[in-house]
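*Asks:* What follows is a single structure, and I will ask about it in a moment.
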Amino acid sequence: MSPKIRYISLAVLLACLGGCNSNHTAPSPSPDNQPPLISEPETGGIISELSMPTKQLYWQVNELRAKNGLRPLKLKAELCVMAQQHVADMIAQGQISHLSPAGLKIDGRLQAEGIHWTVCAENVGRFRSSNDLAKTIIDDWLSMQDDRANMLNELCLDTGLAVVKDEQTGKWYVTQIFLRQTLFWGD
């Protein structure tokens, strides 16, 4: 299946499952899951479709941003689909990379999907399981200047992310896209 077909299939699945135009926030977490310490930004219904490790990373990145006086990132379905596709590509290749199989970085992948932006960035990683996977990911990204800058970029308002376990290796692959989306190029 071509990457474009997979992307379209994922987008259709998310649209059918998520009712992405509905306005609701994340369901109340169970006692064993950590709730976000800040109020949730509008998520457009997509939060309910994310895996628990992905939700926890989303909440903890926004918690980090709040502690640094920044607005929370708004979750975007189309960016989550792109992040999921990028994670699937990294798992298939068995390595982490900012390049797609077609050789495109995040700016090229966004442009290919017709997503307009003024600022874009991406964090990727591969991690072993831990008791608090989201904290492990954030601590790793905080230790790297570019990844830290991406998470704390005050110009970025939107995000999409995916945290997926490679069942063959047991490692977790992660992609988080940071974006300031516009309606038209040059906004």
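Residue names in the structure tokens use chain letters A, B, ... in the order shown, residue numbers from 1 in each chain, and ligand numbers from 1 in the order shown.
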Just list the residues in stretch 56-178 of chain A DSSP gives strand (DSSP E) on the backbone, as a VMD selection string.

*Replies:* chain A and resid 74 to 75 116 to 127 158 to 165 172 to 178

*Asks:* Considering only alpha helix (DSSP H) as DSSP defines it on the backbone, what residues of stretch 63-142 of chain A qualify? List them as a PyMOL selection string.

*Replies:* chain A and resi 63-67+77-93+106-112+133-142

*Asks:* Could you check the closest approach to A:Leu179 for each of A:Asn123, A:Gln111, A:Thr54, A:Thr159 and tell me which residue wins, using only C-alpha atoms?

*Replies:*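 Checking each of A:Asn123, A:Gln111, A:Thr54, A:Thr159 against A:Leu179, counting only C-alpha atoms, the winner is A:Thr159.
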
*Asks:* Could you list, as a ChimeraX atom specification, every residue within 10 Å of stretch 125-134 of chain A, counting only C-alpha atoms and ignoring same-chain residues fewer than 2 positions away?

*Replies:* /A:52-61,87,90-91,94-98,123,136-141,163-166,169-176

*Asks:* Counting only C-alpha atoms, figure out which residue out of A:Glu49, A:Glu122, A:Glu113, A:Glu63 gets nearest to A:Asp158.

*Replies:*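 The shortest atom-to-atom distance to A:Asp158 comes from A:Glu122.
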
*Asks:* Using only C-alpha atoms, find the one residue out of A:Leu142, A:Cys120, A:Ala112, A:Ile47 that sits nearest to A:Lys76.

*Replies:* A:Ile47

*Asks:* Can you measure atom CA of A:Pro101 to atom CA of A:Thr182 for me? One decimal in Å is fine.

*Replies:*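 The value is 26.4 Å.
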
*Asks:* Considering only C-alpha atoms, can you say which of A:Lys67, A:Arg109, A:Lys74, A:Lys135 comes closest to A:Gln181?

*Replies:* A:Lys74

*Asks:* What is the distance, in Å and to one decimal place, between atom CA of A:Leu161 and atom CA of A:Leu50?

*Replies:*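 Interatomic distance, atom CA of A:Leu161 to atom CA of A:Leu50: 9.0 Å.
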
*Asks:* Of the candidates A:Met144, A:Ile115, A:Ala149, A:Ala88, which shows the shortest atom-to-atom distance to A:Arg180, using only C-alpha atoms?

*Replies:*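 Among the listed residues, the smallest separation from A:Arg180 belongs to A:Ile115.
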
*Asks:* Quote the spacing between atom CA of A:Gly160 and atom CA of A:Leu75 in Å to one decimal place.

*Replies:*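 Interatomic distance here is 5.8 Å.
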